[in-house]
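Below is one structure, written out as structure tokens, with a few remarks after it.
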Amino acid sequence: MSEKLDTFTAIPQTLANDFWTKSTLPLLWIFSVARFSALKANDPKTKVGYFFGSFFIITRKAYEIVGTHKSVRHEIVEDAELGRKVKEQGFRLKVVHGENYIKAVWARDSSSLWHGLRRIMIPLYKKEKLKAIMMVISTFVLILFPIIMLPLSVINTIDGKMETKSVIILFLSIMSILLIVINNVLQLKYSVLQNFSYCLGFPLSCPFIFVAFLSSIICADKKDIVKWRDRKYSFRV
């Protein structure tokens, strides 16, 4: 009321109960920040908008003008889509930090984590194919390729092939992996709030994310493409 907002949504503390979720969420936040930038959402000049389904408040006027939940009943990620409609209609939206007040479980096990990743990628691919493909490519280049290249470059170094190219690849691989570990530590401390040891699970979580994103694009046209919270979704454009 003091900021005369039409709606606002709060970023929750994401709870994780299993190894795969605890190891994967820190990496996933990198792509979440790129896809759902709070700075852009809070900028009235942009059309970037979304809601966190765990908590948002909206005025009745804004809710009715955008068509209520009926307007997003066919969407797989209906909360994000409703937030986008609100912003496109010119209403004032703000994303705030609510980690100290709200807790939410996004994925309960490896299966729901897998389908949660597909729930993110498939709607993006259906609406913005190029952006989705670039996201898959960046996933491979930024987090998977360094893991693949590190042992190969170490083997070349041990074999005495200290060529400039091999040394550069080794250096870049090590630096990339260090950045991944540092990001995981920071996310585990400030977002996921789990033991730092889960930052070492990235050699497993990196391929998990990449394969989930890639399979989402490959299977995007199938019927009942996403299972989420005991429901099956088919995407309609």
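Each chain of the structure tokens is named A, B, ... in the order shown, its residues numbered from 1; ligands are numbered from 1 in display order.
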
DSSP alpha helix (DSSP H) residues within stretch 116-205 of chain A, as a short mmCIF file (atom, residue, chain, number, x, y, z; two decimals) with N, CA and C atoms, in the first residue's frame:
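Wrote it out as selection12.cif, contents follow:
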```cif
data_model
loop_
_atom_site.label_atom_id
_atom_site.label_comp_id
_atom_site.auth_asym_id
_atom_site.auth_seq_id
_atom_site.Cartn_x
_atom_site.Cartn_y
_atom_site.Cartn_z
N GLY A 116 10.15 -31.25 -12.57
CA GLY A 116 10.19 -29.81 -12.32
C GLY A 116 11.07 -29.09 -13.31
N LEU A 117 12.21 -29.70 -13.66
CA LEU A 117 13.09 -29.12 -14.67
C LEU A 117 12.42 -29.09 -16.04
N ARG A 118 11.70 -30.16 -16.36
CA ARG A 118 10.97 -30.21 -17.63
C ARG A 118 9.85 -29.16 -17.64
N ARG A 119 9.24 -28.94 -16.49
CA ARG A 119 8.17 -27.95 -16.38
C ARG A 119 8.70 -26.54 -16.64
N ILE A 120 9.98 -26.31 -16.39
CA ILE A 120 10.59 -25.02 -16.68
C ILE A 120 10.90 -24.88 -18.17
N MET A 121 11.49 -25.91 -18.75
CA MET A 121 12.02 -25.81 -20.10
C MET A 121 10.97 -25.91 -21.19
N ILE A 122 10.00 -26.81 -21.06
CA ILE A 122 9.05 -27.05 -22.14
C ILE A 122 8.22 -25.81 -22.49
N PRO A 123 7.63 -25.09 -21.51
CA PRO A 123 6.90 -23.88 -21.88
C PRO A 123 7.80 -22.84 -22.55
N LEU A 124 9.05 -22.72 -22.08
CA LEU A 124 9.99 -21.79 -22.70
C LEU A 124 10.25 -22.16 -24.14
N TYR A 125 10.44 -23.45 -24.41
CA TYR A 125 10.71 -23.92 -25.77
C TYR A 125 9.49 -23.70 -26.67
N LYS A 126 8.32 -23.91 -26.15
CA LYS A 126 7.10 -23.75 -26.95
C LYS A 126 6.91 -22.30 -27.39
N LYS A 127 7.31 -21.37 -26.54
CA LYS A 127 7.08 -19.96 -26.83
C LYS A 127 8.30 -19.25 -27.41
N LYS A 129 11.67 -20.69 -28.85
CA LYS A 129 12.54 -21.82 -29.18
C LYS A 129 14.02 -21.46 -29.13
N LEU A 130 14.37 -20.31 -29.72
CA LEU A 130 15.78 -19.91 -29.76
C LEU A 130 16.34 -19.73 -28.36
N LYS A 131 15.58 -19.07 -27.49
CA LYS A 131 16.04 -18.84 -26.12
C LYS A 131 16.21 -20.17 -25.38
N ALA A 132 15.30 -21.11 -25.59
CA ALA A 132 15.39 -22.41 -24.93
C ALA A 132 16.61 -23.19 -25.42
N ILE A 133 16.84 -23.17 -26.74
CA ILE A 133 18.00 -23.86 -27.30
C ILE A 133 19.30 -23.25 -26.79
N MET A 134 19.35 -21.92 -26.71
CA MET A 134 20.55 -21.25 -26.19
C MET A 134 20.77 -21.59 -24.72
N MET A 135 19.68 -21.80 -23.99
CA MET A 135 19.80 -22.17 -22.58
C MET A 135 20.39 -23.56 -22.44
N VAL A 136 19.99 -24.49 -23.32
CA VAL A 136 20.55 -25.84 -23.30
C VAL A 136 22.03 -25.80 -23.66
N ILE A 137 22.37 -25.02 -24.68
CA ILE A 137 23.77 -24.90 -25.10
C ILE A 137 24.62 -24.29 -23.99
N SER A 138 24.11 -23.24 -23.35
CA SER A 138 24.87 -22.60 -22.27
C SER A 138 25.03 -23.54 -21.08
N THR A 139 24.01 -24.38 -20.84
CA THR A 139 24.13 -25.38 -19.77
C THR A 139 25.29 -26.32 -20.04
N PHE A 145 30.73 -29.02 -19.92
CA PHE A 145 31.96 -29.11 -20.71
C PHE A 145 33.23 -29.05 -19.85
N PRO A 146 33.32 -28.15 -18.85
CA PRO A 146 34.52 -28.13 -18.00
C PRO A 146 34.76 -29.45 -17.27
N ILE A 147 33.68 -30.12 -16.86
CA ILE A 147 33.82 -31.40 -16.17
C ILE A 147 34.36 -32.47 -17.12
N ILE A 148 33.91 -32.42 -18.37
CA ILE A 148 34.38 -33.38 -19.36
C ILE A 148 35.85 -33.14 -19.72
N MET A 149 36.21 -31.87 -19.85
CA MET A 149 37.55 -31.52 -20.32
C MET A 149 38.62 -31.64 -19.24
N LEU A 150 38.25 -31.52 -17.98
CA LEU A 150 39.26 -31.55 -16.92
C LEU A 150 40.07 -32.84 -16.91
N PRO A 151 39.45 -34.03 -16.85
CA PRO A 151 40.25 -35.25 -16.84
C PRO A 151 41.06 -35.44 -18.12
N LEU A 152 40.51 -35.03 -19.27
CA LEU A 152 41.24 -35.16 -20.53
C LEU A 152 42.49 -34.29 -20.53
N SER A 153 42.35 -33.05 -20.05
CA SER A 153 43.50 -32.15 -20.01
C SER A 153 44.52 -32.60 -18.98
N VAL A 154 44.07 -33.19 -17.88
CA VAL A 154 45.01 -33.71 -16.87
C VAL A 154 45.80 -34.88 -17.45
N ILE A 155 45.13 -35.77 -18.20
CA ILE A 155 45.81 -36.90 -18.82
C ILE A 155 46.87 -36.43 -19.80
N ASN A 156 46.54 -35.42 -20.60
CA ASN A 156 47.52 -34.87 -21.55
C ASN A 156 48.72 -34.29 -20.82
N THR A 157 48.47 -33.63 -19.68
CA THR A 157 49.56 -33.04 -18.91
C THR A 157 50.46 -34.12 -18.32
N ILE A 158 49.83 -35.19 -17.79
CA ILE A 158 50.60 -36.30 -17.20
C ILE A 158 51.45 -36.99 -18.27
N THR A 164 50.75 -25.52 -25.38
CA THR A 164 50.07 -24.30 -24.92
C THR A 164 48.56 -24.50 -24.89
N LYS A 165 48.03 -25.15 -25.92
CA LYS A 165 46.59 -25.37 -25.98
C LYS A 165 46.10 -26.23 -24.83
N SER A 166 46.85 -27.27 -24.49
CA SER A 166 46.46 -28.17 -23.41
C SER A 166 46.49 -27.45 -22.06
N VAL A 167 47.52 -26.61 -21.87
CA VAL A 167 47.64 -25.87 -20.62
C VAL A 167 46.49 -24.88 -20.46
N ILE A 168 46.14 -24.21 -21.56
CA ILE A 168 45.04 -23.23 -21.52
C ILE A 168 43.73 -23.93 -21.19
N ILE A 169 43.49 -25.09 -21.83
CA ILE A 169 42.26 -25.84 -21.57
C ILE A 169 42.20 -26.31 -20.12
N LEU A 170 43.34 -26.78 -19.61
CA LEU A 170 43.41 -27.22 -18.21
C LEU A 170 43.10 -26.06 -17.27
N PHE A 171 43.70 -24.90 -17.54
CA PHE A 171 43.49 -23.72 -16.70
C PHE A 171 42.03 -23.29 -16.72
N LEU A 172 41.43 -23.22 -17.93
CA LEU A 172 40.04 -22.79 -18.06
C LEU A 172 39.08 -23.78 -17.39
N SER A 173 39.40 -25.07 -17.50
CA SER A 173 38.55 -26.09 -16.87
C SER A 173 38.57 -25.95 -15.36
N ILE A 174 39.76 -25.76 -14.81
CA ILE A 174 39.89 -25.62 -13.36
C ILE A 174 39.16 -24.37 -12.88
N MET A 175 39.35 -23.25 -13.59
CA MET A 175 38.71 -22.00 -13.19
C MET A 175 37.19 -22.11 -13.28
N SER A 176 36.69 -22.76 -14.33
CA SER A 176 35.24 -22.92 -14.49
C SER A 176 34.65 -23.75 -13.36
N ILE A 177 35.35 -24.83 -13.00
CA ILE A 177 34.87 -25.69 -11.93
C ILE A 177 34.92 -24.96 -10.58
N LEU A 178 35.97 -24.16 -10.38
CA LEU A 178 36.05 -23.37 -9.14
C LEU A 178 34.89 -22.39 -9.04
N LEU A 179 34.52 -21.77 -10.17
CA LEU A 179 33.40 -20.84 -10.18
C LEU A 179 32.09 -21.57 -9.85
N ILE A 180 31.95 -22.79 -10.39
CA ILE A 180 30.75 -23.59 -10.10
C ILE A 180 30.68 -23.90 -8.60
N VAL A 181 31.81 -24.31 -8.03
CA VAL A 181 31.86 -24.65 -6.60
C VAL A 181 31.56 -23.42 -5.75
N ILE A 182 32.16 -22.27 -6.11
CA ILE A 182 31.93 -21.03 -5.35
C ILE A 182 30.46 -20.63 -5.41
N ASN A 183 29.88 -20.72 -6.62
CA ASN A 183 28.45 -20.40 -6.76
C ASN A 183 27.61 -21.33 -5.89
N ASN A 184 27.93 -22.62 -5.91
CA ASN A 184 27.16 -23.58 -5.12
C ASN A 184 27.25 -23.27 -3.63
N VAL A 185 28.44 -22.93 -3.17
CA VAL A 185 28.63 -22.60 -1.76
C VAL A 185 27.78 -21.39 -1.38
N LEU A 186 27.81 -20.35 -2.21
CA LEU A 186 27.05 -19.13 -1.92
C LEU A 186 25.55 -19.41 -1.92
N GLN A 187 25.10 -20.21 -2.90
CA GLN A 187 23.67 -20.52 -2.97
C GLN A 187 23.23 -21.40 -1.80
N LEU A 188 24.09 -22.33 -1.41
CA LEU A 188 23.77 -23.19 -0.26
C LEU A 188 23.72 -22.38 1.03
N LYS A 189 24.52 -21.33 1.10
CA LYS A 189 24.55 -20.50 2.31
C LYS A 189 23.38 -19.53 2.37
N TYR A 190 23.04 -18.90 1.23
CA TYR A 190 22.08 -17.81 1.26
C TYR A 190 20.70 -18.15 0.69
N PHE A 202 28.22 -31.42 -7.75
CA PHE A 202 28.02 -30.87 -9.09
C PHE A 202 28.39 -31.81 -10.23
N PRO A 203 29.37 -32.75 -10.09
CA PRO A 203 29.63 -33.65 -11.22
C PRO A 203 28.43 -34.53 -11.58
N LEU A 204 27.51 -34.72 -10.63
CA LEU A 204 26.29 -35.48 -10.90
C LEU A 204 25.13 -34.56 -11.28
N SER A 205 25.03 -33.41 -10.62
CA SER A 205 23.91 -32.51 -10.88
C SER A 205 24.02 -31.80 -12.22
#
```

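The neighbours of stretch 94-102 of chain A here are the residues that come within 6 Å of it, using only C-alpha atoms and leaving out any residue fewer than 2 positions away in the same chain; they are Phe8, Thr9, Ala10, Ile11, Pro12, Gln13, Ala38 and Asn42 of chain A.
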
Exercise. Apply DSSP to the backbone of this structure and, from stretch 84-226 of chain A, keep only the residues in strand (DSSP E or B); write these as number ranges by chain.
Key: A: 93-97, 103-105, 226

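Interatomic distance, atom CA of A:Tyr50 to atom CA of A:Arg84: 5.1 Å.
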
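Among the candidates A:Leu28, A:Leu93, A:Ala80, A:Ala41, the one nearest to A:Lys4 when counting only C-alpha atoms is A:Leu93.
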
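Restricting the calculation to only C-alpha atoms, the smallest distance between A:Val48 and any of A:Leu82, A:Cys199, A:Leu25, A:Ala212 is found for A:Leu82.
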